[in-house]
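structure.csv, holding CSV, C-alpha atoms (C1' of nucleotides):
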chain,number,residue,atom,x,y,z
L,1,MET,CA,-2.9,21.5,7.8
L,2,ASP,CA,-0.7,18.4,7.5
L,3,ARG,CA,1.0,16.0,9.7
L,4,GLU,CA,4.1,18.0,9.9
L,5,THR,CA,2.5,21.4,10.6
L,6,ALA,CA,0.4,19.8,13.3
L,7,SER,CA,3.4,18.6,15.2
L,8,ARG,CA,6.0,21.4,15.0
L,9,THR,CA,5.8,22.8,18.4
L,10,ASP,CA,7.9,20.8,20.7
L,11,ASP,CA,9.6,18.1,18.7
L,12,HIS,CA,13.3,17.8,18.4
L,13,GLN,CA,15.6,18.4,15.5
L,14,ALA,CA,16.1,15.0,14.0
L,15,LEU,CA,12.4,14.2,14.3
L,16,ARG,CA,11.4,17.4,12.6
L,17,LEU,CA,13.9,16.8,9.8
L,18,TRP,CA,12.4,13.4,9.3
L,19,LEU,CA,8.8,14.6,9.2
L,20,ARG,CA,9.7,17.3,6.7
L,21,LEU,CA,11.5,14.9,4.5
L,22,LEU,CA,8.5,12.6,4.6
L,23,THR,CA,6.2,15.5,3.7
L,24,CYS,CA,8.3,16.6,0.7
L,25,SER,CA,8.5,13.0,-0.5
L,26,GLN,CA,4.8,12.5,-0.2
L,27,LEU,CA,3.9,15.7,-1.9
L,28,ILE,CA,5.8,14.8,-5.0
L,29,GLU,CA,4.9,11.1,-4.9
L,30,ARG,CA,1.3,11.8,-4.6
L,31,GLU,CA,1.3,14.2,-7.5
L,32,VAL,CA,3.2,11.8,-9.7
L,33,ARG,CA,0.9,9.0,-8.9
L,34,ALA,CA,-2.1,11.1,-9.7
L,35,ARG,CA,-0.7,12.3,-13.0
L,36,LEU,CA,0.4,8.8,-14.0
L,37,GLY,CA,-3.1,7.6,-13.4
L,38,ARG,CA,-4.8,10.5,-15.2
L,39,ARG,CA,-2.4,10.8,-18.1
L,40,PHE,CA,-1.4,7.2,-18.7
L,41,ALA,CA,-3.8,5.1,-16.8
L,42,THR,CA,-0.9,3.5,-15.0
L,43,THR,CA,0.6,3.4,-11.5
L,44,LEU,CA,3.9,4.4,-9.9
L,45,PRO,CA,5.0,0.8,-9.2
L,46,ARG,CA,4.3,-0.2,-12.8
L,47,PHE,CA,6.2,2.8,-14.0
L,48,ASP,CA,9.2,2.0,-11.7
L,49,LEU,CA,9.3,-1.6,-12.9
L,50,MET,CA,9.2,-0.6,-16.5
L,51,SER,CA,11.9,2.0,-15.8
L,52,GLN,CA,14.2,-0.7,-14.6
L,53,LEU,CA,13.6,-2.9,-17.6
L,54,TRP,CA,14.2,0.1,-19.8
L,55,ARG,CA,17.7,0.3,-18.5
L,56,TYR,CA,18.3,-3.4,-19.0
L,57,PRO,CA,17.3,-4.2,-22.6
L,58,ASP,CA,18.3,-7.8,-22.1
L,59,GLY,CA,15.8,-8.1,-19.3
L,60,LEU,CA,16.1,-8.9,-15.6
L,61,LYS,CA,15.2,-11.9,-13.6
L,62,MET,CA,12.5,-11.6,-11.0
L,63,ASN,CA,14.9,-11.5,-8.1
L,64,GLU,CA,17.0,-8.9,-9.8
L,65,LEU,CA,13.9,-6.7,-10.3
L,66,SER,CA,13.1,-7.3,-6.6
L,67,ARG,CA,16.5,-6.0,-5.6
L,68,HIS,CA,16.5,-3.1,-7.9
L,69,LEU,CA,13.1,-1.9,-6.8
L,70,MET,CA,13.7,-2.8,-3.1
L,71,VAL,CA,10.5,-4.7,-2.8
L,72,THR,CA,9.6,-8.3,-2.1
L,73,GLY,CA,9.5,-11.0,-4.7
L,74,GLY,CA,5.8,-11.7,-4.2
L,75,ASN,CA,5.2,-8.1,-5.0
L,76,VAL,CA,7.2,-8.2,-8.2
L,77,THR,CA,5.2,-11.3,-9.3
L,78,GLY,CA,2.0,-9.4,-9.0
L,79,ILE,CA,3.1,-6.3,-10.9
L,80,VAL,CA,4.7,-8.3,-13.7
L,81,ASP,CA,1.5,-10.3,-14.0
L,82,LEU,CA,-0.4,-7.1,-14.6
L,83,LEU,CA,2.1,-5.6,-17.0
L,84,GLU,CA,2.2,-8.9,-18.9
L,85,LYS,CA,-1.6,-9.0,-19.2
L,86,ASP,CA,-1.4,-5.5,-20.8
L,87,GLY,CA,1.3,-6.8,-23.2
L,88,LEU,CA,3.9,-4.3,-21.9
L,89,VAL,CA,6.4,-6.9,-20.6
L,90,GLU,CA,7.0,-10.6,-21.4
L,91,ARG,CA,8.5,-13.5,-19.4
L,92,THR,CA,11.0,-15.4,-21.5
L,93,PRO,CA,12.5,-18.7,-20.3
L,94,GLU,CA,16.1,-18.6,-19.0
L,95,PRO,CA,17.8,-21.6,-20.8
L,96,ALA,CA,20.5,-21.9,-18.1
L,97,ASP,CA,18.1,-22.2,-15.2
L,98,ARG,CA,14.7,-23.7,-15.6
L,99,ARG,CA,13.5,-22.1,-12.4
L,100,ALA,CA,14.1,-18.6,-13.6
L,101,TYR,CA,12.5,-16.2,-16.1
L,102,ARG,CA,13.9,-13.2,-17.8
L,103,VAL,CA,11.5,-10.3,-17.9
L,104,ARG,CA,11.8,-7.7,-20.6
L,105,LEU,CA,9.8,-4.9,-22.2
L,106,THR,CA,7.9,-5.9,-25.3
L,107,ARG,CA,8.0,-3.6,-28.3
L,108,ALA,CA,4.8,-2.0,-27.1
L,109,GLY,CA,6.3,-1.6,-23.7
L,110,ARG,CA,9.3,0.2,-25.0
L,111,LYS,CA,7.2,2.6,-27.0
L,112,THR,CA,4.9,3.3,-24.1
L,113,PHE,CA,7.6,3.8,-21.6
L,114,ALA,CA,9.7,6.1,-23.8
L,115,GLU,CA,6.8,8.5,-23.9
L,116,MET,CA,5.9,8.1,-20.2
L,117,ALA,CA,9.5,8.8,-19.1
L,118,ARG,CA,9.7,11.9,-21.2
L,119,VAL,CA,6.6,13.4,-19.7
L,120,HIS,CA,7.4,12.2,-16.2
L,121,GLU,CA,10.7,14.0,-16.2
L,122,GLY,CA,8.9,17.2,-17.3
L,123,TRP,CA,6.6,16.9,-14.3
L,124,ILE,CA,9.5,16.6,-11.9
L,125,VAL,CA,11.4,19.5,-13.5
L,126,GLU,CA,8.2,21.6,-13.3
L,127,MET,CA,7.5,20.7,-9.7
L,128,LEU,CA,11.0,21.6,-8.6
L,129,ALA,CA,11.4,24.6,-10.9
L,130,GLY,CA,11.0,27.0,-8.0
L,131,LEU,CA,14.4,25.9,-6.6
L,132,SER,CA,17.5,27.5,-8.0
L,133,ARG,CA,20.2,25.4,-9.5
L,134,LYS,CA,22.3,25.9,-6.4
L,135,GLU,CA,19.5,25.0,-4.1
L,136,GLN,CA,19.0,21.8,-6.1
L,137,THR,CA,22.6,20.8,-5.9
L,138,ASP,CA,22.9,21.7,-2.3
L,139,THR,CA,19.9,19.6,-1.4
L,140,TYR,CA,21.2,16.8,-3.5
L,141,ARG,CA,24.5,16.8,-1.7
L,142,LEU,CA,23.0,17.0,1.7
L,143,LEU,CA,20.7,14.1,0.9
L,144,ALA,CA,23.7,12.2,-0.2
L,145,ARG,CA,25.1,12.6,3.3
L,146,MET,CA,21.8,11.5,4.7
L,147,LYS,CA,21.6,8.5,2.5
L,148,ARG,CA,25.1,7.4,3.5
L,149,VAL,CA,24.7,7.9,7.3
L,150,THR,CA,21.3,6.2,7.2
L,151,MET,CA,22.5,3.2,5.4
L,152,GLU,CA,25.5,2.9,7.7
L,153,ALA,CA,23.2,3.2,10.8
L,154,GLY,CA,20.9,0.6,9.4
L,155,THR,CA,23.7,-2.0,9.2
W,1,MET,CA,22.1,-1.7,-6.0
W,2,ASP,CA,19.0,0.3,-5.7
W,3,ARG,CA,16.7,2.3,-8.0
W,4,GLU,CA,18.7,5.4,-7.7
W,5,THR,CA,22.2,4.0,-8.3
W,6,ALA,CA,20.9,2.1,-11.2
W,7,SER,CA,19.8,5.2,-13.0
W,8,ARG,CA,22.4,7.8,-12.2
W,9,THR,CA,24.2,7.9,-15.4
W,10,ASP,CA,22.4,10.3,-17.8
W,11,ASP,CA,19.4,11.7,-15.9
W,12,HIS,CA,19.0,15.4,-15.2
W,13,GLN,CA,19.3,17.4,-12.1
W,14,ALA,CA,15.7,17.7,-10.9
W,15,LEU,CA,15.0,14.0,-11.6
W,16,ARG,CA,18.2,12.9,-9.7
W,17,LEU,CA,17.2,15.1,-6.8
W,18,TRP,CA,13.8,13.5,-6.7
W,19,LEU,CA,15.1,10.0,-6.8
W,20,ARG,CA,17.6,10.7,-4.0
W,21,LEU,CA,14.9,12.2,-1.9
W,22,LEU,CA,12.7,9.2,-2.5
W,23,THR,CA,15.6,6.9,-1.6
W,24,CYS,CA,16.3,8.7,1.7
W,25,SER,CA,12.7,8.7,2.6
W,26,GLN,CA,12.2,5.0,1.9
W,27,LEU,CA,15.4,4.0,3.8
W,28,ILE,CA,14.1,5.6,7.0
W,29,GLU,CA,10.5,4.7,6.5
W,30,ARG,CA,11.3,1.1,5.8
W,31,GLU,CA,13.4,0.8,9.0
W,32,VAL,CA,10.8,2.5,11.1
W,33,ARG,CA,8.1,0.2,9.8
W,34,ALA,CA,10.2,-2.8,10.5
W,35,ARG,CA,11.0,-1.7,14.0
W,36,LEU,CA,7.4,-0.7,14.8
W,37,GLY,CA,6.4,-4.2,13.8
W,38,ARG,CA,9.1,-6.0,15.7
W,39,ARG,CA,9.1,-3.9,18.9
W,40,PHE,CA,5.4,-3.0,19.2
W,41,ALA,CA,3.6,-5.3,16.8
W,42,THR,CA,2.0,-2.3,15.2
W,43,THR,CA,2.3,-0.4,11.9
W,44,LEU,CA,3.3,3.0,10.7
W,45,PRO,CA,-0.2,4.1,9.7
W,46,ARG,CA,-1.6,3.1,13.1
W,47,PHE,CA,1.3,4.9,14.8
W,48,ASP,CA,0.7,8.0,12.7
W,49,LEU,CA,-3.0,8.0,13.5
W,50,MET,CA,-2.4,7.7,17.2
W,51,SER,CA,0.2,10.4,17.0
W,52,GLN,CA,-2.4,12.8,15.7
W,53,LEU,CA,-4.8,11.9,18.5
W,54,TRP,CA,-2.1,12.3,21.0
W,55,ARG,CA,-1.8,16.0,20.0
W,56,TYR,CA,-5.5,16.5,20.3
W,57,PRO,CA,-6.6,15.1,23.6
W,58,ASP,CA,-10.2,16.1,22.9
W,59,GLY,CA,-10.2,13.9,19.8
W,60,LEU,CA,-10.6,14.5,16.2
W,61,LYS,CA,-13.4,13.8,13.7
W,62,MET,CA,-12.8,11.3,11.0
W,63,ASN,CA,-12.5,14.0,8.3
W,64,GLU,CA,-10.1,15.9,10.4
W,65,LEU,CA,-8.0,12.8,10.8
W,66,SER,CA,-8.2,12.3,7.1
W,67,ARG,CA,-6.9,15.8,6.4
W,68,HIS,CA,-4.1,15.7,9.0
W,69,LEU,CA,-2.8,12.3,7.8
W,70,MET,CA,-3.3,13.3,4.1
W,71,VAL,CA,-5.1,10.0,3.3
W,72,THR,CA,-8.6,9.3,2.2
W,73,GLY,CA,-11.6,8.9,4.5
W,74,GLY,CA,-12.1,5.2,3.7
W,75,ASN,CA,-8.6,4.5,4.8
W,76,VAL,CA,-9.1,6.3,8.1
W,77,THR,CA,-12.2,4.2,8.7
W,78,GLY,CA,-10.2,1.0,8.3
W,79,ILE,CA,-7.4,2.0,10.6
W,80,VAL,CA,-9.7,3.4,13.3
W,81,ASP,CA,-11.7,0.1,13.1
W,82,LEU,CA,-8.5,-1.9,13.9
W,83,LEU,CA,-7.3,0.4,16.6
W,84,GLU,CA,-10.7,0.4,18.2
W,85,LYS,CA,-10.8,-3.4,18.1
W,86,ASP,CA,-7.5,-3.3,20.0
W,87,GLY,CA,-9.0,-0.9,22.6
W,88,LEU,CA,-6.5,1.9,21.8
W,89,VAL,CA,-9.0,4.4,20.5
W,90,GLU,CA,-12.7,5.0,20.9
W,91,ARG,CA,-15.4,6.6,18.8
W,92,THR,CA,-17.6,8.9,20.9
W,93,PRO,CA,-20.7,10.5,19.5
W,94,GLU,CA,-20.6,14.1,18.6
W,95,PRO,CA,-23.7,15.7,20.2
W,96,ALA,CA,-23.8,18.6,17.7
W,97,ASP,CA,-23.8,16.4,14.6
W,98,ARG,CA,-25.2,12.9,14.6
W,99,ARG,CA,-23.3,12.0,11.4
W,100,ALA,CA,-20.0,12.6,13.0
W,101,TYR,CA,-17.8,10.8,15.6
W,102,ARG,CA,-15.1,12.1,17.7
W,103,VAL,CA,-12.2,9.7,17.8
W,104,ARG,CA,-9.9,9.8,20.8
W,105,LEU,CA,-7.2,7.7,22.5
W,106,THR,CA,-8.4,5.5,25.3
W,107,ARG,CA,-6.4,5.4,28.6
W,108,ALA,CA,-4.7,2.3,27.2
W,109,GLY,CA,-4.0,4.1,24.0
W,110,ARG,CA,-2.4,7.0,25.7
W,111,LYS,CA,-0.2,4.7,27.8
W,112,THR,CA,0.8,2.7,24.7
W,113,PHE,CA,1.5,5.7,22.5
W,114,ALA,CA,3.6,7.5,25.1
W,115,GLU,CA,6.0,4.6,25.2
W,116,MET,CA,6.1,4.2,21.4
W,117,ALA,CA,6.7,7.8,20.7
W,118,ARG,CA,9.6,7.9,23.1
W,119,VAL,CA,11.3,4.9,21.5
W,120,HIS,CA,10.4,6.1,18.0
W,121,GLU,CA,12.1,9.4,18.5
W,122,GLY,CA,15.2,7.5,19.7
W,123,TRP,CA,15.3,5.6,16.5
W,124,ILE,CA,15.2,8.7,14.3
W,125,VAL,CA,17.8,10.4,16.4
W,126,GLU,CA,20.0,7.3,16.1
W,127,MET,CA,19.5,7.0,12.3
W,128,LEU,CA,20.4,10.6,11.7
W,129,ALA,CA,23.1,10.8,14.3
W,130,GLY,CA,25.8,10.7,11.5
W,131,LEU,CA,24.7,14.2,10.4
W,132,SER,CA,26.1,17.2,12.3
W,133,ARG,CA,23.8,19.7,13.8
W,134,LYS,CA,24.5,22.1,11.0
W,135,GLU,CA,23.9,19.5,8.3
W,136,GLN,CA,20.5,18.8,9.9
W,137,THR,CA,19.4,22.4,10.0
W,138,ASP,CA,20.7,23.1,6.5
W,139,THR,CA,18.8,20.1,5.2
W,140,TYR,CA,15.7,21.1,7.1
W,141,ARG,CA,15.8,24.6,5.6
W,142,LEU,CA,16.3,23.4,2.1
W,143,LEU,CA,13.5,21.0,2.5
W,144,ALA,CA,11.3,23.8,3.7
W,145,ARG,CA,12.0,25.5,0.4
W,146,MET,CA,11.2,22.4,-1.5
W,147,LYS,CA,8.0,21.9,0.4
W,148,ARG,CA,6.9,25.4,-0.4
W,149,VAL,CA,7.7,25.4,-4.1
W,150,THR,CA,6.2,22.0,-4.6
W,151,MET,CA,3.0,23.0,-2.9
W,152,GLU,CA,2.8,26.1,-5.0
W,153,ALA,CA,3.5,24.2,-8.2
W,154,GLY,CA,0.8,21.7,-7.3
W,155,THR,CA,-1.9,24.4,-7.0
V,1,DC,C1',-41.5,23.4,6.2
V,2,DT,C1',-39.6,21.0,2.4
V,3,DG,C1',-36.6,19.1,-0.8
V,4,DA,C1',-32.1,19.9,-3.3
V,5,DG,C1',-27.6,20.1,-2.4
V,6,DT,C1',-23.8,19.3,0.9
V,7,DT,C1',-21.3,16.9,4.4
V,8,DA,C1',-19.7,12.8,7.4
V,9,DC,C1',-18.8,8.5,7.3
V,10,DT,C1',-18.8,3.6,5.4
V,11,DT,C1',-18.4,0.2,1.9
V,12,DT,C1',-16.5,-1.9,-2.1
V,13,DA,C1',-13.3,-3.1,-5.8
V,14,DG,C1',-8.9,-3.1,-7.2
V,15,DA,C1',-4.0,-2.3,-6.7
V,16,DC,C1',0.0,-2.7,-3.7
V,17,DC,C1',3.1,-4.6,-0.2
V,18,DT,C1',5.1,-7.8,3.2
V,19,DG,C1',6.3,-12.0,5.5
V,20,DA,C1',5.5,-16.7,5.5
V,21,DT,C1',4.9,-20.8,3.1
V,22,DC,C1',4.9,-23.7,-1.0
V,23,DT,C1',6.8,-26.0,-5.4
V,24,DA,C1',10.3,-26.9,-8.6
V,25,DT,C1',15.0,-26.8,-9.7
V,26,DT,C1',19.9,-26.5,-8.9
V,27,DC,C1',23.9,-27.4,-6.5
V,28,DA,C1',27.4,-29.5,-3.3
V,29,DG,C1',29.0,-33.3,-0.7
V,30,DG,C1',29.4,-38.0,0.3
Q,1,DC,C1',24.8,-41.0,-8.5
Q,2,DC,C1',21.8,-39.5,-4.3
Q,3,DT,C1',20.3,-36.5,-0.8
Q,4,DG,C1',19.9,-32.3,1.7
Q,5,DA,C1',20.5,-27.4,1.5
Q,6,DA,C1',19.9,-23.4,-1.1
Q,7,DT,C1',17.6,-20.7,-4.7
Q,8,DA,C1',13.8,-18.9,-8.1
Q,9,DG,C1',9.6,-18.0,-8.3
Q,10,DA,C1',4.5,-18.3,-7.0
Q,11,DT,C1',0.9,-18.2,-3.7
Q,12,DC,C1',-1.6,-16.7,0.4
Q,13,DA,C1',-3.3,-14.0,4.4
Q,14,DG,C1',-3.5,-9.6,6.2
Q,15,DG,C1',-2.8,-4.7,6.3
Q,16,DT,C1',-2.7,-0.3,3.4
Q,17,DC,C1',-4.4,2.9,0.1
Q,18,DT,C1',-7.5,5.1,-3.5
Q,19,DA,C1',-11.5,6.4,-6.1
Q,20,DA,C1',-16.2,5.8,-6.5
Q,21,DA,C1',-20.6,4.7,-4.9
Q,22,DG,C1',-23.8,4.4,-1.0
Q,23,DT,C1',-26.3,5.9,3.4
Q,24,DA,C1',-27.6,9.0,6.8
Q,25,DA,C1',-27.9,13.5,8.6
Q,26,DC,C1',-27.5,18.5,8.1
Q,27,DT,C1',-28.5,23.1,5.8
Q,28,DC,C1',-30.9,26.6,3.8
Q,29,DA,C1',-33.3,28.9,0.1
Q,30,DG,C1',-38.0,29.4,-1.3
Would it be possible to restate this file's structure as structure tokens?
Amino acid sequence: MDRETASRTDDHQALRLWLRLLTCSQLIEREVRARLGRRFATTLPRFDLMSQLWRYPDGLKMNELSRHLMVTGGNVTGIVDLLEKDGLVERTPEPADRRAYRVRLTRAGRKTFAEMARVHEGWIVEMLAGLSRKEQTDTYRLLARMKRVTMEAGT
Amino acid sequence: MDRETASRTDDHQALRLWLRLLTCSQLIEREVRARLGRRFATTLPRFDLMSQLWRYPDGLKMNELSRHLMVTGGNVTGIVDLLEKDGLVERTPEPADRRAYRVRLTRAGRKTFAEMARVHEGWIVEMLAGLSRKEQTDTYRLLARMKRVTMEAGT
DNA sequence: CTGAGTTACTTTAGACCTGATCTATTCAGG
DNA sequence: CCTGAATAGATCAGGTCTAAAGTAACTCAG
């Protein structure tokens, strides 16, 4: 019995769609968090941050990380602090602007993340393996529509 | 530029689907959280908890709340504490079991929630208004599949 | 009836997240 | 130059969440 099941009876279409979306998202996210903790003793926010740095080998400034991850700056500070303490990322000074840092993966960070990303993708593939290729692309396309209309509505 | 856009290039199908699902979910959730704060000076967890109690006028025990909301017991304790302090819910003793409480909405809680739920559904309808009725039901059905296969894979 | 195991809830430590505020630096006009 | 606005980042308070440990009450075999 979860939130969604408990409320199906008399709600309306858009609301039901939203609750189901939330349920799916939480099911996967919860599992990924648990596995990241068990297998790699890390967390989803840390994984996400490292994933961004992985795509930008020259590093990113704090505010760029903040935009990419869609979280506040104060939050990025905290996560980078923790990753830095573990030696997975480093803050290097930005010569052009003494206020700014450039955050990048260390050698150890790259090694660690490469392995994590490989295993992580396997988890997702496994969790969604029950969906046919067509179901996956159909869902992907419909969620593209949802993403678009939601972003437009939010403006 | 968000997480998903930043990573589209060379990822595989299931992973892309998951990232898009996460993006959609976060877009809506973020907006709902912001509006709940601005309009009602409350938070999504508090709203969710009250929403469960709304459906069970006789109240729920703490562990039932925990199961419905899919969060840990310690978390429920904290949220109920805050709602109780605001006079929106009350803990009443459970005669049959002196370890347990029965949590229910107070009169003020019912009044407050009724208004919040009405406005909240309006927000969701508005945010998803760009989707046709068919798109909504198609997405709903595909997410039902995803929910099912994900829960089965998680077992 | 008793004590070992279970269950209901709370507490705690630690991570996460936001919004607001602070410090230091940069930049744009005058 | 000099000053005020804007920007980069850090810090803080408060709420959220988990896992683990703690307390009290219940259950039921022996």
Counting only C-alpha atoms (C1' of nucleotides), what is within 8 Å of region 37-53 of chain W, bar same-chain residues fewer than 3 positions away, as a ChimeraX atom specification?
-> /L:3,6 /W:32-34,56-57,59-60,65,68-69,79,83,103-105,109,113,116-117
What is the CA of Leu82 (chain L)-CA of Arg55 (chain L) distance in Å, reported with one decimal?
-> 19.9 Å
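Going from CA of Glu64 (chain W) over to C1' of DG14 (chain Q), you cover 26.7 Å.
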Hey, what's within 7 Å of region 87-102 of chain L if we count all atoms listed in the file and toss same-chain stuff fewer than 5 positions away? As a ChimeraX atom specification, please?
-> /L:59-62,108-109 /V:24-25 /Q:8-9
Mind checking which residues fall within 12 Å of DG14 (chain V), counting only C-alpha atoms (C1' of nucleotides), ignoring those fewer than 4 positions away in the same chain, and posting them as a PDB file with C-alpha atoms (C1' of nucleotides), keeping the file's coordinate frame?
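Below is the file out.pdb, written as the result:
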ATOM      1  CA  LEU L  82      -0.400  -7.100 -14.600  1.00  0.00           C
TER       2      LEU L  82
ATOM      3  C1'  DC Q  17      -4.400   2.900   0.100  1.00  0.00           C
ATOM      4  C1'  DT Q  18      -7.500   5.100  -3.500  1.00  0.00           C
ATOM      5  C1'  DA Q  19     -11.500   6.400  -6.100  1.00  0.00           C
ATOM      6  C1'  DA Q  20     -16.200   5.800  -6.500  1.00  0.00           C
TER       7       DA Q  20
END
May I ask for the distance between C1' of DC12 (chain Q) and CA of Gly73 (chain L), given in Å to one decimal place?
->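 Interatomic distance here is 13.5 Å.
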For chain W against chain L, which residues fall within 8 Å using only C-alpha atoms, given as a ChimeraX atom specification?
-> /W:1-3,6-7,13-18,20-25,27-28,31,52,55,67-70,121,124-131,135-137,139-140,142-147,149-151,153-154
With the cut-off set at 9 Å and counting all atoms listed in the file, tabulate each residue of chain Q with an atom at most that distance from an atom of chain W, showing the nearest atom pair and its distance in Å to one decimal, ordered by chain and increasing number, as a Markdown table.
| residue | atom | partner | partner_atom | distance |
| --- | --- | --- | --- | --- |
| Q:DG15 | C1' | W:Thr43 | CA | 8.7 |
| Q:DT16 | C1' | W:Asn75 | CA | 7.7 |
| Q:DC17 | C1' | W:Asn75 | CA | 6.5 |
| Q:DT18 | C1' | W:Thr72 | CA | 7.2 |
| Q:DA24 | C1' | W:Arg99 | CA | 7.0 |
| Q:DA25 | C1' | W:Arg99 | CA | 5.6 |
| Q:DC26 | C1' | W:Asp97 | CA | 7.8 |
What does the file look like for those residues with C-alpha atoms (C1' of nucleotides), as a short mmCIF file (atom, residue, chain, number, x, y, z; two decimals), in the frame of the given file?
data_model
loop_
_atom_site.label_atom_id
_atom_site.label_comp_id
_atom_site.auth_asym_id
_atom_site.auth_seq_id
_atom_site.Cartn_x
_atom_site.Cartn_y
_atom_site.Cartn_z
"C1'" DG Q 15 -2.80 -4.70 6.30
"C1'" DT Q 16 -2.70 -0.30 3.40
"C1'" DC Q 17 -4.40 2.90 0.10
"C1'" DT Q 18 -7.50 5.10 -3.50
"C1'" DA Q 24 -27.60 9.00 6.80
"C1'" DA Q 25 -27.90 13.50 8.60
"C1'" DC Q 26 -27.50 18.50 8.10
#
Do you know which residues are at most 12 Å from DG30 (chain V) counting all atoms listed in the file, after dropping those on the same chain fewer than 4 positions away, and could you put them as a PyMOL selection string?
-> chain Q and resi 1-4
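Within 9 Å of chain L, chain V contributes the residues DA15, DC16, DC17, DT18, DA24, DT25 and DT26 of chain V, using all atoms listed in the file.
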Protein/DNA/RNA residues near (-20.5, 6.9, 2.9), cut 8 Å, all atoms listed in the file, as a PyMOL selection string = (chain V and resi 8-11) or (chain Q and resi 22-23)
Give me the residues near DA4 (chain V) as a short mmCIF file (atom, residue, chain, number, x, y, z; two decimals) with C-alpha atoms (C1' of nucleotides), in the coordinates of the input, where near means some atom within 10 Å (using all atoms listed in the file) and where sequence neighbours in that chain fewer than 2 positions away do not count.
data_model
loop_
_atom_site.label_atom_id
_atom_site.label_comp_id
_atom_site.auth_asym_id
_atom_site.auth_seq_id
_atom_site.Cartn_x
_atom_site.Cartn_y
_atom_site.Cartn_z
"C1'" DT V 2 -39.60 21.00 2.40
"C1'" DT V 6 -23.80 19.30 0.90
"C1'" DC Q 28 -30.90 26.60 3.80
"C1'" DA Q 29 -33.30 28.90 0.10
#
